[in-house]
file run_0.txt (compact mmCIF, C-alpha atoms)
# COMPACT_ATOMS: atom_id res chain seq x y z
CA MET A 8 -28.26 -10.20 -10.71
CA SER A 9 -27.62 -10.52 -14.41
CA ARG A 10 -25.56 -8.56 -16.90
CA THR A 11 -27.11 -5.59 -18.62
CA SER A 12 -26.83 -4.98 -22.35
CA GLN A 13 -27.14 -1.20 -21.91
CA GLN A 14 -24.02 -0.45 -19.90
CA PRO A 15 -21.21 -2.85 -19.00
CA HIS A 16 -21.07 -3.77 -15.35
CA ALA A 17 -17.92 -4.10 -13.24
CA ALA A 18 -18.08 -5.77 -9.82
CA VAL A 19 -15.24 -4.72 -7.52
CA VAL A 20 -14.50 -7.01 -4.58
CA GLY A 21 -13.11 -5.02 -1.66
CA ALA A 22 -13.43 -1.36 -0.66
CA GLY A 23 -9.85 -0.69 0.29
CA ILE A 24 -7.74 1.92 -1.44
CA GLY A 25 -7.14 -0.16 -4.57
CA GLY A 26 -10.72 -1.35 -4.92
CA LEU A 27 -12.21 2.11 -4.47
CA ALA A 28 -9.72 3.65 -6.90
CA ALA A 29 -10.50 0.97 -9.49
CA ALA A 30 -14.23 1.57 -9.07
CA VAL A 31 -13.83 5.33 -9.51
CA ALA A 32 -11.57 4.95 -12.54
CA LEU A 33 -13.83 2.39 -14.23
CA ARG A 34 -16.93 4.49 -13.60
CA ARG A 35 -15.26 7.51 -15.17
CA ARG A 36 -14.29 5.27 -18.06
CA GLY A 37 -17.98 4.51 -18.66
CA TRP A 38 -18.63 1.37 -16.59
CA ARG A 39 -21.45 0.82 -14.14
CA VAL A 40 -19.75 -0.28 -10.92
CA THR A 41 -20.74 -2.17 -7.80
CA VAL A 42 -18.28 -2.38 -4.92
CA LEU A 43 -18.74 -5.36 -2.60
CA GLU A 44 -17.25 -4.90 0.88
CA ARG A 45 -17.44 -7.47 3.66
CA ALA A 46 -17.31 -4.88 6.48
CA THR A 47 -20.65 -3.47 7.55
CA ALA A 48 -19.35 0.10 7.15
CA LEU A 49 -16.24 1.98 6.05
CA GLU A 50 -15.09 2.79 9.57
CA PRO A 51 -12.15 5.20 10.06
CA VAL A 52 -9.67 2.45 10.89
CA GLY A 53 -5.99 1.94 10.16
CA ALA A 54 -3.04 4.26 10.59
CA GLY A 55 -0.78 6.09 8.14
CA ILE A 56 0.03 5.48 4.51
CA GLY A 57 2.84 6.88 2.39
CA ILE A 58 1.69 8.21 -0.97
CA ALA A 59 4.70 8.56 -3.27
CA PRO A 60 4.75 10.66 -6.45
CA ASN A 61 3.77 7.68 -8.62
CA ALA A 62 0.61 7.18 -6.58
CA LEU A 63 -0.15 10.91 -6.53
CA ARG A 64 -0.06 10.89 -10.34
CA ALA A 65 -2.50 7.98 -10.33
CA LEU A 66 -4.76 10.03 -8.06
CA ASP A 67 -4.42 12.94 -10.51
CA VAL A 68 -6.14 10.72 -13.09
CA LEU A 69 -9.08 10.48 -10.68
CA GLY A 70 -9.05 14.23 -10.06
CA VAL A 71 -8.05 14.14 -6.39
CA GLY A 72 -4.25 14.34 -6.51
CA ASP A 73 -4.12 17.93 -5.28
CA ALA A 74 -6.60 17.20 -2.49
CA VAL A 75 -4.30 14.44 -1.25
CA ARG A 76 -1.19 16.60 -1.64
CA ALA A 77 -2.89 19.06 0.69
CA MET A 78 -2.79 16.34 3.39
CA ALA A 79 1.01 16.63 3.60
CA ALA A 80 2.00 17.76 7.08
CA PHE A 81 5.74 18.25 6.61
CA GLN A 82 8.24 18.60 3.79
CA GLY A 83 11.36 19.40 5.78
CA GLU A 84 14.37 17.27 6.68
CA GLY A 85 14.41 13.75 8.08
CA GLY A 86 16.40 10.59 7.72
CA LEU A 87 17.78 7.35 9.11
CA ARG A 88 19.05 6.99 12.67
CA ARG A 89 20.57 4.50 15.11
CA PRO A 90 18.84 3.58 18.38
CA ASP A 91 21.23 5.91 20.24
CA GLY A 92 20.03 8.80 18.06
CA ARG A 93 23.00 9.18 15.75
CA TRP A 94 22.01 10.10 12.20
CA LEU A 95 23.16 7.66 9.52
CA SER A 96 21.54 9.33 6.51
CA ARG A 97 19.51 12.49 5.91
CA THR A 98 17.17 13.57 3.18
CA SER A 99 14.32 16.04 2.72
CA GLY A 100 10.94 16.44 1.11
CA GLU A 101 12.45 18.91 -1.31
CA ALA A 102 15.05 16.35 -2.42
CA ALA A 103 12.32 13.78 -3.08
CA ALA A 104 10.25 16.28 -5.03
CA GLU A 105 13.26 17.25 -7.13
CA ARG A 106 14.25 13.66 -7.83
CA PHE A 107 10.80 12.27 -8.63
CA GLY A 108 8.84 15.31 -9.72
CA GLY A 109 6.62 15.50 -6.65
CA PRO A 110 6.45 15.05 -2.89
CA VAL A 111 5.88 11.99 -0.75
CA VAL A 112 2.70 12.58 1.25
CA VAL A 113 1.95 10.70 4.45
CA ALA A 114 -1.77 10.71 5.26
CA HIS A 115 -4.12 8.79 7.47
CA ARG A 116 -5.37 5.78 5.53
CA ALA A 117 -8.98 6.46 6.54
CA GLU A 118 -8.80 9.96 5.06
CA LEU A 119 -7.68 8.64 1.69
CA VAL A 120 -10.42 5.99 1.76
CA ALA A 121 -12.98 8.72 2.50
CA VAL A 122 -11.79 10.82 -0.44
CA LEU A 123 -12.10 7.89 -2.85
CA ALA A 124 -15.42 6.65 -1.49
CA GLY A 125 -16.80 10.16 -1.86
CA LEU A 126 -16.31 9.94 -5.64
CA LEU A 127 -18.75 7.05 -6.00
CA PRO A 128 -22.47 7.54 -6.57
CA ASP A 129 -25.06 6.52 -4.01
CA GLY A 130 -25.78 2.81 -4.17
CA ALA A 131 -22.47 1.82 -5.76
CA LEU A 132 -21.00 0.58 -2.48
CA ARG A 133 -22.59 -2.50 -0.87
CA THR A 134 -21.25 -3.12 2.62
CA GLY A 135 -21.83 -6.24 4.68
CA THR A 136 -21.35 -8.39 1.56
CA ARG A 137 -18.85 -11.21 1.89
CA VAL A 138 -17.57 -12.62 -1.40
CA VAL A 139 -16.81 -16.33 -1.35
CA SER A 140 -15.33 -16.72 -4.83
CA ALA A 141 -15.45 -15.54 -8.44
CA SER A 142 -15.32 -17.57 -11.64
CA PRO A 143 -13.45 -16.65 -14.83
CA ALA A 144 -16.87 -16.28 -16.49
CA GLY A 145 -17.53 -13.23 -14.27
CA ARG A 146 -19.88 -14.81 -11.73
CA VAL A 147 -19.29 -13.54 -8.20
CA THR A 148 -20.57 -15.76 -5.41
CA THR A 149 -21.45 -14.05 -2.14
CA GLU A 150 -22.97 -15.43 1.03
CA ASP A 151 -26.30 -14.01 -0.14
CA GLY A 152 -26.34 -15.06 -3.80
CA THR A 153 -24.55 -14.46 -7.10
CA ILE A 154 -23.74 -11.50 -9.31
CA ASP A 155 -22.93 -11.78 -13.01
CA ALA A 156 -20.61 -9.03 -14.22
CA ASP A 157 -18.84 -8.18 -17.45
CA LEU A 158 -15.68 -7.50 -15.44
CA VAL A 159 -14.69 -8.52 -11.92
CA VAL A 160 -11.93 -6.69 -10.06
CA ALA A 161 -10.65 -8.67 -7.08
CA ALA A 162 -9.16 -6.21 -4.59
CA ASP A 163 -9.90 -8.39 -1.58
CA GLY A 164 -6.51 -8.21 0.07
CA ILE A 165 -3.60 -10.44 0.89
CA ASN A 166 -5.78 -13.42 1.80
CA SER A 167 -7.88 -13.00 -1.34
CA ALA A 168 -10.62 -15.59 -1.69
CA VAL A 169 -10.82 -14.79 -5.40
CA ARG A 170 -7.09 -15.40 -5.92
CA GLY A 171 -7.44 -18.73 -4.16
CA ALA A 172 -10.32 -19.71 -6.43
CA LEU A 173 -8.51 -18.70 -9.62
CA PHE A 174 -5.06 -20.04 -8.73
CA PRO A 175 -5.57 -22.88 -6.24
CA GLU A 176 -2.07 -24.28 -6.83
CA HIS A 177 -0.31 -21.06 -5.87
CA PRO A 178 1.22 -21.25 -2.36
CA GLY A 179 -0.14 -17.85 -1.35
CA PRO A 180 1.48 -15.40 1.06
CA VAL A 181 4.43 -16.36 3.25
CA TYR A 182 5.56 -14.90 6.56
CA SER A 183 8.22 -12.28 5.89
CA GLY A 184 10.05 -12.90 9.17
CA PHE A 185 8.91 -9.84 11.08
CA THR A 186 5.86 -8.31 12.72
CA SER A 187 4.64 -4.71 12.50
CA TRP A 188 3.01 -2.29 14.93
CA ARG A 189 1.26 0.95 13.93
CA THR A 190 -0.41 3.75 15.83
CA VAL A 191 -1.28 7.44 15.59
CA VAL A 192 -0.44 9.66 18.57
CA PRO A 193 -0.33 13.40 19.43
CA ALA A 194 2.76 15.14 18.08
CA PRO A 195 5.53 16.07 20.56
CA ALA A 196 6.75 19.64 20.82
CA ALA A 197 9.79 19.19 18.60
CA TYR A 198 11.09 16.30 16.50
CA LEU A 199 12.34 15.43 13.02
CA PRO A 200 10.77 12.64 10.97
CA HIS A 201 12.97 9.61 11.12
CA GLU A 202 13.31 5.89 10.65
CA THR A 203 15.56 4.19 13.18
CA TRP A 204 17.16 0.80 12.51
CA GLY A 205 18.40 -1.39 15.34
CA ARG A 206 19.23 -5.06 15.74
CA GLY A 207 16.32 -6.79 14.06
CA ARG A 208 14.06 -3.86 14.98
CA LEU A 209 12.86 -0.71 13.22
CA TRP A 210 10.97 2.38 14.37
CA GLY A 211 9.47 5.15 12.21
CA THR A 212 8.04 8.54 13.14
CA VAL A 213 6.22 10.61 10.49
CA PRO A 214 4.02 13.71 10.96
CA LEU A 215 0.36 13.82 9.98
CA THR A 216 -1.94 16.82 9.78
CA GLY A 217 -3.91 17.91 12.81
CA GLY A 218 -1.01 17.72 15.26
CA ARG A 219 -0.69 13.95 14.95
CA VAL A 220 2.22 11.57 14.36
CA TYR A 221 2.13 8.24 12.57
CA CYS A 222 4.37 5.72 14.34
CA TYR A 223 5.29 2.35 12.91
CA ALA A 224 7.64 -0.38 14.08
CA THR A 225 8.81 -3.83 13.07
CA ALA A 226 10.68 -6.56 14.89
CA VAL A 227 11.92 -10.04 14.11
CA THR A 228 9.63 -12.34 16.06
CA PRO A 229 7.78 -15.63 15.49
CA PRO A 230 4.42 -15.21 13.77
CA GLY A 231 1.20 -15.26 15.71
CA GLY A 232 2.55 -13.59 18.83
CA ARG A 233 0.73 -11.14 21.08
CA ALA A 234 1.75 -9.03 24.07
CA PRO A 235 1.55 -11.17 27.23
CA ASP A 236 -0.79 -8.69 28.92
CA GLY A 237 -2.82 -8.08 25.75
CA ASN A 238 -1.56 -4.50 25.53
CA GLU A 239 0.70 -3.97 22.52
CA ARG A 240 1.88 -0.64 23.94
CA THR A 241 3.61 -2.68 26.64
CA GLU A 242 5.33 -4.74 23.98
CA LEU A 243 6.53 -1.58 22.22
CA ARG A 244 7.95 -0.31 25.52
CA ARG A 245 9.84 -3.59 25.93
CA LEU A 246 11.25 -3.46 22.41
CA PHE A 247 11.90 0.29 21.96
CA GLY A 248 11.61 1.91 25.40
CA ASP A 249 15.36 2.62 25.67
CA TRP A 250 15.75 4.11 22.17
CA HIS A 251 16.45 7.78 21.46
CA ASP A 252 13.90 10.55 22.01
CA PRO A 253 11.13 11.00 21.11
CA VAL A 254 10.48 7.25 20.76
CA PRO A 255 9.78 6.41 24.44
CA GLY A 256 7.47 9.40 24.82
CA LEU A 257 5.56 8.54 21.66
CA ILE A 258 4.98 5.02 22.93
CA ASP A 259 3.72 6.32 26.26
CA SER A 260 1.32 8.71 24.52
CA ALA A 261 -0.46 5.91 22.63
CA ALA A 262 -3.95 5.46 24.02
CA PRO A 263 -4.75 1.93 25.27
CA GLY A 264 -6.00 -0.32 22.51
CA THR A 265 -4.84 1.94 19.66
CA VAL A 266 -1.68 0.03 18.72
CA LEU A 267 -2.30 -2.26 15.74
CA ARG A 268 -0.19 -5.41 15.46
CA ASN A 269 0.08 -7.48 12.28
CA ASP A 270 2.46 -10.16 11.10
CA VAL A 271 3.95 -9.16 7.75
CA HIS A 272 3.38 -11.49 4.81
CA HIS A 273 4.14 -11.14 1.12
CA LEU A 274 3.68 -13.08 -2.10
CA ALA A 275 7.21 -14.39 -2.53
CA ARG A 276 6.25 -16.35 -5.65
CA PRO A 277 4.67 -14.21 -8.38
CA LEU A 278 1.36 -15.30 -9.80
CA PRO A 279 1.41 -16.65 -13.37
CA ALA A 280 -0.99 -13.83 -14.35
CA PHE A 281 -3.12 -11.16 -12.76
CA HIS A 282 -6.26 -12.32 -14.56
CA GLN A 283 -8.34 -15.24 -15.69
CA GLY A 284 -11.24 -14.75 -18.05
CA ARG A 285 -13.24 -11.72 -16.92
CA VAL A 286 -11.53 -11.47 -13.51
CA ALA A 287 -8.57 -9.19 -12.70
CA LEU A 288 -6.58 -9.23 -9.46
CA LEU A 289 -5.43 -5.91 -8.02
CA GLY A 290 -3.32 -4.66 -5.10
CA ASP A 291 -2.42 -7.06 -2.30
CA ALA A 292 -4.55 -9.77 -3.89
CA ALA A 293 -2.14 -9.73 -6.84
CA HIS A 294 1.23 -8.72 -5.40
CA ALA A 295 1.29 -8.33 -1.61
CA MET A 296 4.62 -6.88 -0.52
CA THR A 297 6.44 -5.91 2.65
CA PRO A 298 6.00 -2.27 3.75
CA ASN A 299 9.67 -1.33 3.47
CA LEU A 300 9.32 0.85 0.36
CA GLY A 301 5.89 2.18 1.28
CA GLN A 302 4.58 0.97 -2.08
CA GLY A 303 1.75 -1.42 -1.26
CA GLY A 304 -1.04 1.11 -1.62
CA CYS A 305 0.86 3.03 -4.29
CA GLN A 306 1.08 0.01 -6.58
CA ALA A 307 -2.63 -0.67 -6.03
CA LEU A 308 -3.39 2.85 -7.24
CA GLU A 309 -1.23 2.27 -10.31
CA ASP A 310 -3.09 -1.01 -10.94
CA ALA A 311 -6.44 0.76 -10.80
CA VAL A 312 -5.51 3.45 -13.30
CA VAL A 313 -3.85 1.05 -15.76
CA LEU A 314 -6.74 -1.42 -15.61
CA ALA A 315 -9.34 1.26 -16.28
CA HIS A 316 -7.28 2.70 -19.12
CA LEU A 317 -7.08 -0.67 -20.83
CA ALA A 318 -10.67 -1.73 -20.15
CA ALA A 319 -12.70 0.20 -22.71
CA PRO A 320 -16.39 0.02 -21.70
CA GLU A 321 -17.34 -2.73 -24.11
CA ALA A 322 -19.27 -5.75 -22.89
CA GLY A 323 -17.89 -8.09 -25.52
CA GLU A 324 -16.05 -11.05 -24.05
CA GLN A 325 -13.10 -10.76 -26.42
CA ALA A 326 -12.64 -7.06 -25.63
CA VAL A 327 -12.46 -7.77 -21.90
CA ALA A 328 -10.12 -10.72 -22.45
CA ARG A 329 -7.72 -8.57 -24.48
CA ALA A 330 -7.81 -5.78 -21.92
CA LEU A 331 -7.05 -8.10 -19.00
CA ALA A 332 -4.26 -9.87 -20.87
CA ALA A 333 -2.68 -6.47 -21.52
CA TYR A 334 -3.16 -5.57 -17.85
CA SER A 335 -1.27 -8.68 -16.74
CA ALA A 336 1.47 -8.04 -19.28
CA GLN A 337 2.01 -4.49 -18.04
CA ARG A 338 1.55 -4.86 -14.31
CA LEU A 339 3.00 -8.26 -13.42
CA PRO A 340 6.66 -7.52 -14.34
CA ARG A 341 6.66 -4.12 -12.67
CA THR A 342 5.03 -5.19 -9.43
CA THR A 343 7.23 -8.29 -9.24
CA ARG A 344 10.28 -6.02 -9.28
CA VAL A 345 8.79 -3.82 -6.56
CA VAL A 346 7.91 -6.84 -4.38
CA ARG A 347 11.48 -8.14 -4.65
CA ARG A 348 13.10 -4.77 -4.03
CA SER A 349 10.90 -4.18 -0.99
CA TRP A 350 11.75 -7.60 0.38
CA SER A 351 15.47 -6.90 -0.14
CA VAL A 352 15.18 -3.78 2.00
CA GLY A 353 13.08 -5.71 4.51
CA ARG A 354 15.79 -8.32 4.88
CA LEU A 355 18.28 -5.61 5.83
CA THR A 356 16.05 -4.60 8.73
CA THR A 357 16.14 -8.15 10.11
CA TRP A 358 19.92 -8.20 10.62
CA SER A 359 20.58 -8.64 14.33
CA SER A 360 24.23 -9.57 14.90
CA ARG A 361 26.43 -6.71 16.11
CA PRO A 362 29.02 -7.02 13.30
CA ALA A 363 26.33 -7.11 10.62
CA VAL A 364 24.48 -4.11 12.08
CA ALA A 365 27.74 -2.15 12.38
CA LEU A 366 28.59 -2.94 8.76
CA ARG A 367 25.09 -1.88 7.68
CA GLY A 368 25.41 1.44 9.52
CA ALA A 369 28.81 2.15 7.98
CA LEU A 370 27.44 1.34 4.52
CA PHE A 371 24.49 3.70 4.95
CA ALA A 372 26.68 6.50 6.22
CA GLY A 373 29.11 6.02 3.32
CA VAL A 374 26.38 6.01 0.71
CA ASP A 375 24.95 9.20 2.19
CA LEU A 376 28.31 10.94 1.90
CA VAL A 377 29.20 9.98 -1.65
CA GLY A 378 25.92 9.63 -3.50
CA PRO A 379 22.19 10.22 -3.60
CA ARG A 380 20.30 9.67 -0.40
CA LEU A 381 19.70 6.00 0.33
CA ALA A 382 15.93 6.24 0.84
CA LEU A 383 15.54 8.06 -2.45
CA ARG A 384 17.74 5.66 -4.39
CA SER A 385 15.53 2.77 -3.32
CA LEU A 386 12.60 4.40 -5.15
CA ASP A 387 14.42 5.00 -8.43
CA GLY A 388 12.38 3.53 -11.27
CA ILE A 389 9.34 3.32 -8.98
CA ALA A 390 8.33 6.77 -7.76
CA ASP A 391 8.95 8.35 -11.17
CA TRP A 392 6.19 6.27 -12.86
CA ARG A 393 3.65 8.18 -14.91
CA PRO A 394 0.10 7.06 -15.77
CA PRO A 395 -0.92 6.15 -19.32
CA THR A 396 -3.68 8.79 -19.48
CA GLY A 397 -4.58 12.22 -18.22
CA PRO A 398 -7.35 13.01 -15.74
CA TYR A 399 -10.77 11.60 -16.59
CA ALA A 400 -13.87 13.70 -16.81
CA ALA A 401 -16.14 13.20 -13.83
CA ASP A 402 -19.20 12.54 -16.01
CA GLY A 403 -18.34 8.94 -16.90
CA THR A 404 -17.67 9.62 -20.57
CA GLY A 405 -14.30 7.92 -20.43
CA GLN A 406 -12.64 11.01 -21.87
CA ALA A 407 -9.64 12.78 -20.39
CA ARG A 408 -10.29 16.33 -19.27
CA GLN A 409 -8.73 19.14 -21.22
CA ALA A 410 -5.70 20.65 -19.53

call {"tool": "encode", "arguments": {"input": "run_0.txt", "output": "structure tokens"}}
result
Amino acid sequence: MSRTSQQPHAAVVGAGIGGLAAAVALRRRGWRVTVLERATALEPVGAGIGIAPNALRALDVLGVGDAVRAMAAFQGEGGLRRPDGRWLSRTSGEAAAERFGGPVVVAHRAELVAVLAGLLPDGALRTGTRVVSASPAGRVTTEDGTIDADLVVAADGINSAVRGALFPEHPGPVYSGFTSWRTVVPAPAAYLPHETWGRGRLWGTVPLTGGRVYCYATAVTPPGGRAPDGNERTELRRLFGDWHDPVPGLIDSAAPGTVLRNDVHHLARPLPAFHQGRVALLGDAAHAMTPNLGQGGCQALEDAVVLAHLAAPEAGEQAVARALAAYSAQRLPRTTRVVRRSWSVGRLTTWSSRPAVALRGALFAGVDLVGPRLALRSLDGIADWRPPTGPYAADGTGQARQA
């Protein structure tokens, strides 16, 4: 497939949240887009995702911010607890909205993917297409052939083949020291959203719409492990079965085979740039981070909006080069700070000695008494981000809609 002189063509590698958002934003900016996804279909997989106010504003640019805000299941009180149930810190949805100008929405990842995919025209998404590499000249190599594009957006995840091709000397992702589990279960009769920190272990319970709860957990463990009986629910019982209610009941309510287990990796060393030639890296391919601030998907949405804003629909090589250089200059410093801050919080969750955990609990309780809520403070300078443009028109003119 060759480039067209009539309308510039952007090839997006990966149909996750960042890739789909980039495709939608670029199309509304005036680009013809093709999304290349290795999976044979966009199945409703995954679990929950936190969508902070910065990401909701990025979604506003695409015209779906309010639709995603409507996915919020709860805006009441929650906070941080100990395994015995004692509260260490409390906050509320209202406090987050007041501090950052909007709520934090927790939705099912598949629902957000469906919203974004629904904004693309028929034929823009090509599933069952595995990308092997991409060259700075804009040539994408798949298992079935090549595609020449004016712009390539590599949103192919933490183990990005495109990143490896562009920056072969970079060490890539490193194990963060802990493993995560995620599942979605029926909601119990009564509970408050919480995150509970123990000795090298963490549990989170967050409501979703439709009478569901998103549960996530992490534990310090060697990489590559699996439950001895092949059932990760059994492993969760072993690790968290004696923690406060409703944790044991939530574990027991997980259907067999629905608990996802993944070792957590992040890009500890920043890339030298998020682009080479006509190729831009986006999301986990550019700046994979630990989940401790809930900003992985949020930063990918920021990437998508900033990239489209900078990439005027001009096929000229110099125009694309300038746009991608500006994209690296804007996004690399910000995402590097978020990666490091998230890792700093992640390290706190790995503390396992009794004195260290006691000191951590006392610190959290003290901060909660004398200052802003701890969870909110960690998002200062992150969740208050605002996009560089207003909402785009849906007709692909590249113009912002009138308010």

call {"tool": "atom_distance", "arguments": {"input": "run_0.txt", "atom1": "CA of Gly21 (chain A)", "atom2": "CA of Ala287 (chain A)"}}
result
12.6 Å

call {"tool": "closest_residue", "arguments": {"input": "run_0.txt", "among": "A:Ala197, A:Ala131, A:Arg347, A:Pro90", "to": "Val364 (chain A)", "atoms": "only C-alpha atoms"}}
result
A:Pro90

call {"tool": "residues_around", "arguments": {"input": "run_0.txt", "residues": "Asn238 (chain A)", "least_positions_apart": "6", "cutoff": "9 Å", "atoms": "only C-alpha atoms", "output": "PyMOL selection string"}}
result
chain A and resi 263-264+266

call {"tool": "residues_around", "arguments": {"input": "run_0.txt", "residues": "Gly85 (chain A)", "least_positions_apart": "4", "cutoff": "7 Å", "atoms": "only C-alpha atoms", "output": "ChimeraX atom specification"}}
result
/A:97-99,199-201

call {"tool": "residues_around", "arguments": {"input": "run_0.txt", "residues": "region 51-64 of chain A", "least_positions_apart": "5", "cutoff": "9 Å", "atoms": "only C-alpha atoms", "output": "VMD selection string"}}
result
chain A and resid 71 to 73 75 to 76 103 to 104 107 to 121 189 to 191 213 215 220 to 223 267 301 to 302 304 to 309 389 to 394

call {"tool": "residues_around", "arguments": {"input": "run_0.txt", "residues": "region 25-38 of chain A", "least_positions_apart": "2", "cutoff": "9 Å", "atoms": "only C-alpha atoms", "output": "PyMOL selection string"}}
result
chain A and resi 14-23+40-42+66+68-69+120+123-124+126-127+131+160-163+289-291+304-312+314-316+318-321+399-406

call {"tool": "atom_distance", "arguments": {"input": "run_0.txt", "atom1": "CA of Pro277 (chain A)", "atom2": "CA of Gly171 (chain A)"}}
result
13.6 Å

call {"tool": "closest_residue", "arguments": {"input": "run_0.txt", "among": "A:Ala336, A:Thr212, A:Leu331, A:Gly207", "to": "Arg361 (chain A)", "atoms": "all atoms listed in the file"}}
result
A:Gly207

call {"tool": "closest_residue", "arguments": {"input": "run_0.txt", "among": "A:Gly256, A:Gly100, A:Pro298, A:Gly232", "to": "Ala194 (chain A)", "atoms": "only C-alpha atoms"}}
result
A:Gly256
